>>> print(open('upload-v4.txt').read())   # compact mmCIF, C-alpha atoms
# COMPACT_ATOMS: atom_id res chain seq x y z
CA MET R 1 56.04 122.25 99.07
CA ASN R 2 57.03 123.63 102.45
CA GLN R 3 60.56 123.52 103.78
CA TRP R 4 59.90 120.59 106.12
CA GLN R 5 58.75 118.46 103.20
CA ASN R 6 61.73 119.74 101.24
CA PHE R 7 64.02 118.50 104.01
CA SER R 8 62.32 115.22 104.86
CA LYS R 9 61.87 113.99 101.29
CA GLY R 10 65.54 112.96 101.24
CA LEU R 11 65.16 110.60 104.18
CA ILE R 12 62.58 108.12 102.85
CA LYS R 13 60.34 109.36 100.03
CA ASP R 14 63.19 110.40 97.74
CA ASN R 15 66.04 108.63 99.52
CA PRO R 16 69.02 109.18 97.22
CA VAL R 17 70.36 105.62 97.42
CA TYR R 18 67.31 103.38 97.85
CA ILE R 19 64.67 105.30 95.87
CA LEU R 20 66.56 107.53 93.41
CA LEU R 21 69.43 105.01 93.07
CA LEU R 22 72.04 107.79 92.91
CA GLY R 23 75.61 107.53 94.18
CA LEU R 24 75.70 103.75 94.19
CA CYS R 25 79.47 103.50 93.76
CA PRO R 26 80.35 104.83 97.25
CA ALA R 27 77.21 103.19 98.68
CA LEU R 28 78.51 99.79 97.61
CA GLY R 29 82.23 100.48 97.94
CA VAL R 30 82.83 101.97 101.38
CA THR R 31 80.05 100.43 103.45
CA THR R 32 82.14 97.62 104.94
CA SER R 33 81.34 99.00 108.40
CA ALA R 34 78.78 101.35 109.91
CA PHE R 35 81.50 103.84 110.81
CA ASN R 36 82.85 104.01 107.26
CA GLY R 37 79.32 104.48 105.93
CA LEU R 38 78.63 107.30 108.37
CA GLY R 39 81.95 109.01 107.58
CA MET R 40 81.37 108.83 103.84
CA GLY R 41 77.76 110.02 104.29
CA LEU R 42 78.80 113.05 106.32
CA ALA R 43 81.64 113.92 103.92
CA THR R 44 79.18 113.81 101.03
CA THR R 45 76.68 115.89 103.02
CA PHE R 46 79.30 118.57 103.49
CA VAL R 47 80.15 118.61 99.78
CA LEU R 48 76.44 118.72 98.87
CA LEU R 49 75.83 121.61 101.26
CA GLY R 50 78.74 123.60 99.87
CA SER R 51 77.97 122.95 96.22
CA ASN R 52 74.20 123.52 96.52
CA PHE R 53 74.81 126.74 98.46
CA VAL R 54 77.33 128.17 95.99
CA VAL R 55 75.45 127.01 92.89
CA SER R 56 72.19 128.57 94.07
CA ILE R 57 73.95 131.88 94.73
CA ILE R 58 75.73 132.15 91.40
CA LYS R 59 73.09 130.41 89.26
CA ASN R 60 72.18 133.60 87.40
CA PHE R 61 75.79 134.56 86.84
CA ILE R 62 76.66 131.33 85.03
CA PRO R 63 75.78 131.21 81.32
CA ALA R 64 73.74 128.07 80.57
CA LYS R 65 76.29 126.57 78.19
CA VAL R 66 79.14 126.49 80.72
CA ARG R 67 77.08 125.55 83.78
CA ILE R 68 78.24 121.92 83.93
CA PRO R 69 82.01 122.70 83.88
CA SER R 70 81.44 125.43 86.46
CA PHE R 71 79.50 123.05 88.73
CA ILE R 72 82.22 120.41 88.40
CA VAL R 73 84.94 122.89 89.42
CA ILE R 74 82.87 123.99 92.42
CA ILE R 75 82.16 120.40 93.50
CA ALA R 76 85.79 119.32 92.99
CA SER R 77 86.97 122.24 95.14
CA PHE R 78 84.72 121.24 98.03
CA VAL R 79 85.81 117.61 97.71
CA THR R 80 89.47 118.62 97.88
CA ILE R 81 88.75 120.75 100.95
CA VAL R 82 87.12 117.73 102.62
CA GLU R 83 90.03 115.51 101.63
CA LEU R 84 92.73 117.85 102.97
CA THR R 85 90.84 118.58 106.18
CA MET R 86 90.17 114.91 106.83
CA GLU R 87 93.78 113.93 106.25
CA ALA R 88 94.95 116.68 108.59
CA TYR R 89 92.54 116.19 111.48
CA MET R 90 91.05 112.68 111.11
CA PRO R 91 93.95 110.54 109.82
CA ASP R 92 92.31 107.26 110.91
CA LEU R 93 89.09 107.91 109.02
CA PHE R 94 91.13 109.16 106.07
CA GLU R 95 93.02 105.89 105.98
CA SER R 96 89.86 103.85 105.51
CA LEU R 97 88.00 106.30 103.24
CA GLY R 98 90.91 108.03 101.52
CA LEU R 99 90.57 106.21 98.25
CA PHE R 100 86.88 107.03 97.92
CA ILE R 101 86.90 110.70 98.88
CA PRO R 102 88.02 111.97 95.43
CA LEU R 103 85.21 109.89 93.94
CA ILE R 104 82.63 112.20 95.56
CA VAL R 105 83.40 114.51 92.61
CA VAL R 106 81.73 112.08 90.25
CA ASN R 107 78.96 111.11 92.66
CA CYS R 108 75.91 111.79 90.51
CA LEU R 109 73.96 112.69 93.64
CA VAL R 110 76.00 115.89 94.12
CA MET R 111 75.92 116.81 90.43
CA GLY R 112 72.25 115.86 90.18
CA ARG R 113 71.15 118.10 93.05
CA ALA R 114 73.22 121.01 91.70
CA GLU R 115 71.77 120.66 88.22
CA ALA R 116 68.20 119.63 88.99
CA PHE R 117 67.52 121.59 92.17
CA ALA R 118 70.03 124.23 93.27
CA SER R 119 70.34 125.89 89.88
CA LYS R 120 66.57 126.47 89.78
CA LYS R 121 65.64 127.33 93.39
CA ASP R 122 66.45 129.98 95.98
CA THR R 123 69.39 129.59 98.35
CA LEU R 124 67.41 128.56 101.45
CA SER R 125 65.58 125.78 99.60
CA ALA R 126 68.85 124.60 98.06
CA VAL R 127 70.58 124.39 101.45
CA ILE R 128 67.65 122.55 103.04
CA ASP R 129 67.49 120.19 100.07
CA ALA R 130 71.23 119.50 100.45
CA LEU R 131 70.81 118.81 104.18
CA GLY R 132 67.90 116.43 103.61
CA MET R 133 69.53 114.63 100.71
CA GLY R 134 72.93 114.48 102.44
CA LEU R 135 71.47 113.08 105.65
CA GLY R 136 69.37 110.65 103.65
CA PHE R 137 72.55 109.51 101.92
CA ALA R 138 74.37 109.22 105.27
CA LEU R 139 71.43 107.28 106.72
CA ALA R 140 71.43 104.94 103.73
CA LEU R 141 75.18 104.30 103.93
CA THR R 142 75.15 103.84 107.70
CA MET R 143 72.28 101.35 107.45
CA LEU R 144 73.98 99.34 104.72
CA GLY R 145 77.32 99.55 106.54
CA GLY R 146 75.68 98.53 109.81
CA LEU R 147 73.90 95.59 108.19
CA ARG R 148 77.10 94.36 106.59
CA GLU R 149 79.12 94.86 109.77
CA ILE R 150 76.57 93.03 111.94
CA LEU R 151 76.34 90.05 109.60
CA GLY R 152 79.93 90.06 108.41
CA ALA R 153 81.86 90.78 111.60
CA TYR R 154 79.24 90.45 114.39
CA SER R 155 79.91 94.00 115.50
CA ILE R 156 78.41 97.47 115.12
CA PHE R 157 80.51 100.68 115.10
CA GLY R 158 83.44 98.46 116.10
CA ILE R 159 81.70 97.08 119.22
CA GLN R 160 81.58 93.29 119.36
CA LEU R 161 78.04 91.96 119.71
CA ILE R 162 78.98 88.35 120.51
CA PRO R 163 82.10 88.08 122.69
CA GLY R 164 84.76 85.94 121.10
CA ALA R 165 83.07 85.69 117.71
CA THR R 166 84.99 87.77 115.19
CA ASP R 167 84.63 85.95 111.89
CA GLY R 168 81.09 86.48 110.70
CA MET R 169 79.57 85.75 107.33
CA LEU R 170 82.46 87.13 105.33
CA VAL R 171 80.40 87.38 102.16
CA PHE R 172 78.65 90.41 103.65
CA VAL R 173 81.94 92.28 104.09
CA LEU R 174 82.90 91.48 100.50
CA ALA R 175 81.34 92.97 97.38
CA PRO R 176 78.49 90.46 96.90
CA GLY R 177 77.20 91.26 100.40
CA ALA R 178 76.89 94.91 99.41
CA PHE R 179 74.58 94.03 96.54
CA ILE R 180 72.52 91.56 98.61
CA GLY R 181 72.18 94.03 101.48
CA MET R 182 71.30 96.88 99.15
CA GLY R 183 68.63 94.77 97.45
CA TYR R 184 66.83 94.10 100.73
CA LEU R 185 67.14 97.74 101.83
CA ILE R 186 65.63 98.85 98.50
CA ILE R 187 62.66 96.56 99.23
CA LEU R 188 62.36 98.03 102.72
CA PHE R 189 62.46 101.64 101.53
CA ASN R 190 59.95 101.09 98.75
CA TYR R 191 57.64 99.46 101.29
CA LEU R 192 58.07 102.43 103.66
CA LYS R 193 57.47 104.85 100.80
CA LYS R 194 54.21 103.15 99.81
CA LYS R 195 53.08 103.05 103.41
CA THR R 196 53.73 106.75 104.08
CA ALA R 197 52.41 107.96 100.72
CA MET Z 1 68.01 138.81 87.60
CA ALA Z 2 67.90 137.01 84.29
CA LYS Z 3 70.40 134.37 83.32
CA ARG Z 4 73.45 135.72 81.57
CA GLU Z 5 73.59 135.07 77.89
CA SER Z 6 75.87 132.28 76.62
CA ASN Z 7 78.10 134.40 74.40
CA PHE Z 8 81.84 133.90 74.05
CA VAL Z 9 83.00 136.66 76.39
CA ASN Z 10 80.53 135.73 79.12
CA MET Z 11 81.54 132.09 79.02
CA VAL Z 12 85.28 132.77 79.10
CA VAL Z 13 84.98 135.33 81.89
CA THR Z 14 82.73 133.05 83.96
CA LEU Z 15 84.96 130.02 83.66
CA PHE Z 16 88.02 132.13 84.42
CA LEU Z 17 86.43 133.58 87.54
CA VAL Z 18 85.12 130.23 88.77
CA THR Z 19 88.49 128.50 88.37
CA ALA Z 20 90.43 131.46 89.78
CA ILE Z 21 88.31 131.58 92.93
CA ALA Z 22 88.49 127.80 93.27
CA SER Z 23 92.30 127.80 92.93
CA PHE Z 24 92.67 130.57 95.46
CA THR Z 25 90.43 128.78 97.97
CA LEU Z 26 92.24 125.50 97.51
CA ALA Z 27 95.65 127.14 97.90
CA THR Z 28 94.50 128.70 101.16
CA VAL Z 29 93.13 125.41 102.51
CA TYR Z 30 96.28 123.60 101.41
CA ASN Z 31 98.46 126.07 103.29
CA LEU Z 32 96.33 125.76 106.40
CA THR Z 33 96.35 121.96 106.41
CA ALA Z 34 99.89 121.31 105.13
CA GLU Z 35 101.40 121.37 108.59
CA PRO Z 36 98.80 119.20 110.42
CA ILE Z 37 99.00 116.67 107.55
CA ALA Z 38 102.78 116.52 107.80
CA GLN Z 39 102.50 116.18 111.58
CA ALA Z 40 99.93 113.39 111.33
CA ARG Z 41 102.13 111.47 108.87
CA GLU Z 42 105.24 112.03 110.97
CA ALA Z 43 103.44 110.93 114.15
CA LYS Z 44 102.31 107.77 112.41
CA ARG Z 45 105.84 107.05 111.16
CA GLN Z 46 107.34 107.67 114.60
CA ALA Z 47 104.74 105.43 116.23
CA ALA Z 48 105.52 102.66 113.75
CA ILE Z 49 109.27 103.01 114.31
CA SER Z 50 109.04 102.85 118.08
CA GLN Z 51 106.80 99.78 117.78
CA VAL Z 52 109.40 97.75 115.90
CA VAL Z 53 112.70 98.70 117.56
CA PRO Z 54 113.71 98.74 121.24
CA ASP Z 55 113.97 101.95 123.26
CA PHE Z 56 116.16 104.50 121.55
CA ASN Z 57 117.18 108.09 122.08
CA GLN Z 58 118.60 108.94 118.68
CA LEU Z 59 117.34 108.28 115.20
CA GLU Z 60 119.18 108.50 111.90
CA THR Z 61 117.48 108.15 108.54
CA GLN Z 62 119.12 107.05 105.30
CA MET Z 63 117.91 105.62 101.99
CA PHE Z 64 119.27 102.38 100.49
CA LEU Z 65 118.62 100.60 97.21
CA PRO Z 66 117.38 97.01 97.50
CA PRO Z 67 119.28 94.33 95.58
CA GLY Z 68 117.55 93.38 92.37
CA GLY Z 69 116.21 96.84 91.61
CA GLY Z 70 113.14 98.74 92.76
CA ASP Z 71 112.60 101.88 94.80
CA SER Z 72 115.02 102.61 97.61
CA LEU Z 73 113.96 101.84 101.18
CA GLU Z 74 114.07 104.21 104.11
CA PHE Z 75 116.29 102.91 106.95
CA ASN Z 76 115.74 104.43 110.38
CA PHE Z 77 118.70 103.49 112.56
CA ALA Z 78 117.87 103.58 116.25
CA TYR Z 79 120.72 104.34 118.63
CA LYS Z 80 120.69 104.11 122.40
CA ASP Z 81 123.62 105.92 124.06
CA GLY Z 82 125.59 105.78 120.79
CA GLU Z 83 125.09 102.08 120.20
CA MET Z 84 122.83 100.81 117.44
CA VAL Z 85 119.98 98.77 118.93
CA GLY Z 86 117.97 98.18 115.77
CA VAL Z 87 116.86 99.47 112.43
CA ALA Z 88 113.30 100.21 111.34
CA ILE Z 89 112.98 99.69 107.59
CA ASN Z 90 110.12 101.22 105.67
CA THR Z 91 109.56 98.51 103.08
CA TYR Z 92 106.98 97.80 100.42
CA THR Z 93 105.68 95.18 98.02
CA ASN Z 94 103.75 95.48 94.79
CA ARG Z 95 102.40 91.95 95.01
CA GLY Z 96 99.41 92.75 97.22
CA TYR Z 97 95.95 91.59 96.26
CA SER Z 98 94.98 95.18 95.56
CA GLY Z 99 98.05 97.29 95.03
CA GLU Z 100 100.99 98.28 97.13
CA ILE Z 101 101.46 97.30 100.76
CA THR Z 102 103.90 99.25 102.91
CA ALA Z 103 105.20 98.02 106.24
CA MET Z 104 107.75 98.94 108.91
CA VAL Z 105 110.12 96.07 109.65
CA GLY Z 106 112.31 96.20 112.74
CA LEU Z 107 115.60 94.28 112.61
CA ASP Z 108 118.19 93.97 115.34
CA PRO Z 109 121.85 94.53 114.30
CA GLN Z 110 122.26 90.80 113.46
CA GLY Z 111 119.25 90.86 111.16
CA THR Z 112 116.72 89.09 113.39
CA ILE Z 113 113.17 90.41 113.06
CA ILE Z 114 112.06 92.33 116.14
CA ASP Z 115 108.55 93.13 114.93
CA VAL Z 116 106.59 94.15 111.85
CA VAL Z 117 103.71 96.62 111.53
CA HIS Z 118 101.82 97.54 108.38
CA LEU Z 119 101.70 101.17 107.30
CA GLN Z 120 99.31 101.20 104.37
CA HIS Z 121 97.42 98.63 102.39
CA ALA Z 122 94.21 98.23 100.41
CA GLU Z 123 93.64 94.51 100.99
CA THR Z 124 90.19 92.97 101.29
CA PRO Z 125 88.44 93.91 104.54
CA GLY Z 126 87.83 90.84 106.66
CA LEU Z 127 90.41 88.72 104.84
CA GLY Z 128 93.65 90.39 103.78
CA ASP Z 129 93.43 93.11 106.41
CA LYS Z 130 94.46 90.53 109.02
CA ILE Z 131 98.00 91.81 108.42
CA GLN Z 132 96.95 94.72 110.64
CA LYS Z 133 97.98 94.25 114.25
CA ASP Z 134 94.64 95.57 115.50
CA LYS Z 135 92.67 93.07 113.40
CA SER Z 136 94.57 89.86 114.08
CA ASP Z 137 97.74 88.57 115.74
CA TRP Z 138 98.80 86.93 112.46
CA SER Z 139 101.85 89.17 112.00
CA ASP Z 140 103.17 88.25 115.48
CA GLN Z 141 104.62 85.04 114.04
CA PHE Z 142 107.41 87.08 112.42
CA ILE Z 143 108.72 88.15 115.84
CA GLY Z 144 112.11 86.60 116.56
CA MET Z 145 112.55 85.04 113.13
CA ASP Z 146 115.97 85.25 111.54
CA PRO Z 147 115.58 85.39 107.75
CA SER Z 148 119.00 83.72 107.33
CA VAL Z 149 117.67 80.64 109.17
CA ASN Z 150 113.90 80.81 108.77
CA ASN Z 151 112.37 80.85 105.33
CA ILE Z 152 110.19 83.96 105.08
CA ARG Z 153 107.65 82.42 102.75
CA VAL Z 154 104.20 80.97 103.28
CA LYS Z 155 103.93 77.23 103.87
CA GLN Z 156 102.37 76.72 100.41
CA ASP Z 157 105.72 77.93 99.03
CA ASN Z 158 107.67 75.62 101.40
CA GLY Z 159 108.32 78.46 103.85
CA ASP Z 160 107.90 78.83 107.61
CA ILE Z 161 105.00 81.28 107.64
CA ASP Z 162 101.36 80.31 108.18
CA ALA Z 163 99.33 82.01 105.47
CA ILE Z 164 96.13 83.92 106.21
CA THR Z 165 93.06 81.79 105.52
CA ALA Z 166 91.53 82.86 102.20
CA ALA Z 167 94.19 85.54 101.73
CA THR Z 168 97.33 83.67 100.71
CA ILE Z 169 98.24 86.32 98.15
CA THR Z 170 98.27 89.00 100.85
CA ALA Z 171 100.39 86.83 103.17
CA ARG Z 172 102.78 86.06 100.32
CA ALA Z 173 103.07 89.78 99.53
CA TYR Z 174 103.75 90.64 103.16
CA CYS Z 175 106.56 88.05 103.23
CA ASP Z 176 107.93 89.61 100.03
CA ALA Z 177 108.03 93.03 101.70
CA ILE Z 178 109.82 91.65 104.76
CA GLN Z 179 112.28 89.69 102.65
CA ARG Z 180 113.04 92.84 100.66
CA ALA Z 181 113.83 94.73 103.86
CA TYR Z 182 116.13 91.96 105.06
CA ASP Z 183 117.88 91.55 101.69
CA THR Z 184 118.61 95.26 101.56
CA TYR Z 185 119.94 95.26 105.09
CA LYS Z 186 122.08 92.21 104.34
CA LYS Z 187 123.47 93.71 101.15
CA HIS Z 188 124.62 96.89 102.85
CA PHE Z 189 125.45 95.90 106.42
CA LEU Z 190 126.02 92.26 107.22
CA SER Z 191 129.69 91.37 106.98
CA GLU Z 192 131.20 89.37 104.11
CA GLN Z 193 131.71 86.36 106.36
CA GLN Z 194 128.07 86.26 107.37
CA LYS Z 195 127.08 86.57 103.75
CA GLN Z 196 129.08 83.49 102.82
CA GLU Z 197 127.54 81.51 105.64
CA GLU Z 198 124.10 82.45 104.44
CA ASP Z 199 124.54 81.86 100.76
CA PRO Z 200 123.96 78.07 100.87
CA VAL Z 201 120.58 78.69 102.52
CA LEU Z 202 119.54 80.80 99.57
>>> encode(input="upload-v4.txt", output="structure tokens")
Amino acid sequence: MNQWQNFSKGLIKDNPVYILLLGLCPALGVTTSAFNGLGMGLATTFVLLGSNFVVSIIKNFIPAKVRIPSFIVIIASFVTIVELTMEAYMPDLFESLGLFIPLIVVNCLVMGRAEAFASKKDTLSAVIDALGMGLGFALALTMLGGLREILGAYSIFGIQLIPGATDGMLVFVLAPGAFIGMGYLIILFNYLKKKTA
Amino acid sequence: MAKRESNFVNMVVTLFLVTAIASFTLATVYNLTAEPIAQAREAKRQAAISQVVPDFNQLETQMFLPPGGGDSLEFNFAYKDGEMVGVAINTYTNRGYSGEITAMVGLDPQGTIIDVVHLQHAETPGLGDKIQKDKSDWSDQFIGMDPSVNNIRVKQDNGDIDAITAATITARAYCDAIQRAYDTYKKHFLSEQQKQEEDPVL
């Protein structure tokens, strides 16, 4: 597998949310708007990059029996760095995502890539894998957030699509809309995967 | 390089090193961001205060206990040329639909509401978040109300406040927060005579 395939697999073929079904808690929880989805996706990408990078470097130093606790400490550190930095420099984004940032620690996507990929491959592959998977995750969350925002509030990235119409189909902003939207996006991604395979 | 063996010493040393490096890194990041975080919070507080009280050139902050128990509220007295023009009260309620709601309530010296802005909440997006000024003008109805005359409750509870459609609990909680701010102000500042006049209303 060359590095381009390694990168691009995260976007459609192995999309973390719609194909691998990893990290569904933030995917359903924060995607009330496209902007929130994008913010959460990029925060997770940063954590993935950091954890995959560090794990691939120290993979031979960590004894097998304590690898999971070590990975958790590494991931939690990067999450806390993201949280502090976001609160300091992006207070508005922090206000809408704040509650969900600490949950990146238990996002099985981050742990899964550290355990299944970074701890077995070289550093370059691990970083490229993290970039692909992270951007795939960000793409997935932005799409779901965008869908819910368009249907639920008739706007995208905060820009009104229909002047004067602010109350959309509220169900899409609420929890059931997340499940409905995700269901249709899973259909779409499986169709795309079959088509490109 | 082969994987290190999972014996006792290796495991203890590894975990110690991993946690030590992590702690050191986090301490460094914390120190770097502590000041911007404090500034961002302070800027937000200042912005909220100046939204709910008239122009002022001096601010004095004190804590007061609300009647009936609960955490003390932060009173920010705004003075203009030595005269008090209003007080911005950082109030809260635990009756929100999902957890605590905090708000900044501005009262003039007689206790009339100048304006109210929310500080933090976790209400349902699209429904309860209409308490935010940038989402809806719902909270504008509090402007100019005098809690000793007007009943700061939603209409379902025989009050004077229109509830938010499909988010009555949130509206009720917001009224609770505002009432708490007023009650605390009344307890500590309004004169005895005013208190007696108001008691029949309650």
>>> interface_residues(input="upload-v4.txt", of="chain Z", to="chain R", cutoff="10 Å", atoms="only C-alpha atoms", output="ChimeraX atom specification")
/Z:1-8,10-19,21-23,25-30,32-41,44,119-122,124-127,135-136
>>> atom_distance(input="upload-v4.txt", atom1="atom CA of Val55 of chain R", atom2="atom CA of Ser119 of chain R")
6.0 Å
>>> residues_around(input="upload-v4.txt", residues="Asn190 of chain R", least_positions_apart="4", cutoff="9 Å", atoms="only C-alpha atoms", output="list in words")
Ile12, Lys13, Tyr18, Ile19, Leu185, Ile186, Lys194 and Lys195 of chain R
>>> atom_distance(input="upload-v4.txt", atom1="atom CA of Phe94 of chain R", atom2="atom CA of Ile128 of chain R")
27.2 Å
>>> residues_around(input="upload-v4.txt", residues="Ala167 of chain Z", least_positions_apart="4", cutoff="12 Å", atoms="only C-alpha atoms", output="PyMOL selection string")
chain Z and resi 96-98+123-131+138+154+162-163+171-174
>>> write_last_selection(input="upload-v4.txt", atoms="C-alpha atoms", output="PDB file, in the coordinates of the input")
ATOM      1  CA  GLY Z  96      99.410  92.750  97.220  1.00  0.00           C
ATOM      2  CA  TYR Z  97      95.950  91.590  96.260  1.00  0.00           C
ATOM      3  CA  SER Z  98      94.980  95.180  95.560  1.00  0.00           C
ATOM      4  CA  GLU Z 123      93.640  94.510 100.990  1.00  0.00           C
ATOM      5  CA  THR Z 124      90.190  92.970 101.290  1.00  0.00           C
ATOM      6  CA  PRO Z 125      88.440  93.910 104.540  1.00  0.00           C
ATOM      7  CA  GLY Z 126      87.830  90.840 106.660  1.00  0.00           C
ATOM      8  CA  LEU Z 127      90.410  88.720 104.840  1.00  0.00           C
ATOM      9  CA  GLY Z 128      93.650  90.390 103.780  1.00  0.00           C
ATOM     10  CA  ASP Z 129      93.430  93.110 106.410  1.00  0.00           C
ATOM     11  CA  LYS Z 130      94.460  90.530 109.020  1.00  0.00           C
ATOM     12  CA  ILE Z 131      98.000  91.810 108.420  1.00  0.00           C
ATOM     13  CA  TRP Z 138      98.800  86.930 112.460  1.00  0.00           C
ATOM     14  CA  VAL Z 154     104.200  80.970 103.280  1.00  0.00           C
ATOM     15  CA  ASP Z 162     101.360  80.310 108.180  1.00  0.00           C
ATOM     16  CA  ALA Z 163      99.330  82.010 105.470  1.00  0.00           C
ATOM     17  CA  ALA Z 171     100.390  86.830 103.170  1.00  0.00           C
ATOM     18  CA  ARG Z 172     102.780  86.060 100.320  1.00  0.00           C
ATOM     19  CA  ALA Z 173     103.070  89.780  99.530  1.00  0.00           C
ATOM     20  CA  TYR Z 174     103.750  90.640 103.160  1.00  0.00           C
TER      21      TYR Z 174
END
>>> closest_atom_pairs(input="upload-v4.txt", of="segment 12-61 of chain R", to="segment 110-114 of chain R", cutoff="7 Å", atoms="all atoms listed in the file", output="JSON lines")
{"residue": "R:Leu48", "atom": "CA", "partner": "R:Val110", "partner_atom": "CA", "distance": 5.5}
{"residue": "R:Ser51", "atom": "CA", "partner": "R:Ala114", "partner_atom": "CA", "distance": 6.8}
{"residue": "R:Asn52", "atom": "CA", "partner": "R:Ala114", "partner_atom": "CA", "distance": 5.5}
{"residue": "R:Val55", "atom": "CA", "partner": "R:Ala114", "partner_atom": "CA", "distance": 6.5}
>>> atom_distance(input="upload-v4.txt", atom1="atom CA of Val79 of chain R", atom2="atom CA of Asn107 of chain R")
10.7 Å
>>> residues_around(input="upload-v4.txt", residues="Phe64 of chain Z", least_positions_apart="4", cutoff="9 Å", atoms="all atoms listed in the file", output="ChimeraX atom specification")
/Z:71-75,184-185,188
>>> residues_around(input="upload-v4.txt", residues="Ile156 of chain R", least_positions_apart="2", cutoff="10 Å", atoms="all atoms listed in the file", output="mmCIF file with C-alpha atoms, keeping the file's coordinate frame")
data_model
loop_
_atom_site.group_PDB
_atom_site.id
_atom_site.type_symbol
_atom_site.label_atom_id
_atom_site.label_comp_id
_atom_site.auth_asym_id
_atom_site.auth_seq_id
_atom_site.Cartn_x
_atom_site.Cartn_y
_atom_site.Cartn_z
ATOM 1 C CA SER R 33 81.340 99.000 108.400
ATOM 2 C CA ALA R 34 78.780 101.350 109.910
ATOM 3 C CA PHE R 35 81.500 103.840 110.810
ATOM 4 C CA GLY R 145 77.320 99.550 106.540
ATOM 5 C CA GLY R 146 75.680 98.530 109.810
ATOM 6 C CA LEU R 147 73.900 95.590 108.190
ATOM 7 C CA ARG R 148 77.100 94.360 106.590
ATOM 8 C CA GLU R 149 79.120 94.860 109.770
ATOM 9 C CA ILE R 150 76.570 93.030 111.940
ATOM 10 C CA LEU R 151 76.340 90.050 109.600
ATOM 11 C CA ALA R 153 81.860 90.780 111.600
ATOM 12 C CA TYR R 154 79.240 90.450 114.390
ATOM 13 C CA GLY R 158 83.440 98.460 116.100
ATOM 14 C CA ILE R 159 81.700 97.080 119.220
ATOM 15 C CA GLN R 160 81.580 93.290 119.360
ATOM 16 C CA LEU R 161 78.040 91.960 119.710
#
>>> closest_residue(input="upload-v4.txt", among="R:Trp4, R:Gly183, R:Gly29, R:Leu38", to="Gly136 of chain R", atoms="only C-alpha atoms")
R:Leu38
>>> closest_residue(input="upload-v4.txt", among="R:Ala118, R:Ile180, R:Gly134, R:Ser155", to="Ser56 of chain R", atoms="all atoms listed in the file")
R:Ala118
>>> closest_residue(input="upload-v4.txt", among="R:Ile57, R:Leu24, R:Val47, R:Ile68", to="Asp122 of chain R", atoms="only C-alpha atoms")
R:Ile57
>>> closest_residue(input="upload-v4.txt", among="R:Gly132, R:Gly164, R:Pro102, R:Pro176", to="Gly10 of chain R", atoms="all atoms listed in the file")
R:Gly132
>>> residues_around(input="upload-v4.txt", residues="Ile178 of chain Z", least_positions_apart="2", cutoff="10 Å", atoms="only C-alpha atoms", output="ChimeraX atom specification")
/Z:89-93,102-106,113,116,142,147,152-153,173-176,180-183
>>> closest_residue(input="upload-v4.txt", among="R:Val105, R:Met40, R:Asp14, R:Leu192", to="Leu28 of chain R", atoms="all atoms listed in the file")
R:Met40
>>> build_atoms(input="upload-v4.txt", residues="segment 179-190 of chain R", atoms="N, CA and C atoms", output="compact mmCIF listing (two decimals), keeping the file's coordinate frame")
# COMPACT_ATOMS: atom_id res chain seq x y z
N PHE R 179 75.71 94.10 97.46
CA PHE R 179 74.58 94.03 96.54
C PHE R 179 73.37 93.37 97.21
N ILE R 180 73.63 92.26 97.94
CA ILE R 180 72.52 91.56 98.61
C ILE R 180 71.87 92.50 99.63
N GLY R 181 72.71 93.13 100.46
CA GLY R 181 72.18 94.03 101.48
C GLY R 181 71.41 95.18 100.86
N MET R 182 71.96 95.75 99.79
CA MET R 182 71.30 96.88 99.15
C MET R 182 69.95 96.45 98.57
N GLY R 183 69.89 95.25 98.00
CA GLY R 183 68.63 94.77 97.45
C GLY R 183 67.53 94.74 98.51
N TYR R 184 67.86 94.20 99.69
CA TYR R 184 66.83 94.10 100.73
C TYR R 184 66.46 95.48 101.26
N LEU R 185 67.46 96.39 101.33
CA LEU R 185 67.14 97.74 101.83
C LEU R 185 66.28 98.50 100.82
N ILE R 186 66.50 98.22 99.52
CA ILE R 186 65.63 98.85 98.50
C ILE R 186 64.19 98.38 98.69
N ILE R 187 64.01 97.08 98.97
CA ILE R 187 62.66 96.56 99.23
C ILE R 187 62.06 97.28 100.42
N LEU R 188 62.85 97.39 101.50
CA LEU R 188 62.36 98.03 102.72
C LEU R 188 61.92 99.47 102.45
N PHE R 189 62.76 100.22 101.73
CA PHE R 189 62.46 101.64 101.53
C PHE R 189 61.26 101.83 100.60
N ASN R 190 61.12 100.96 99.61
CA ASN R 190 59.95 101.09 98.75
C ASN R 190 58.68 100.75 99.51
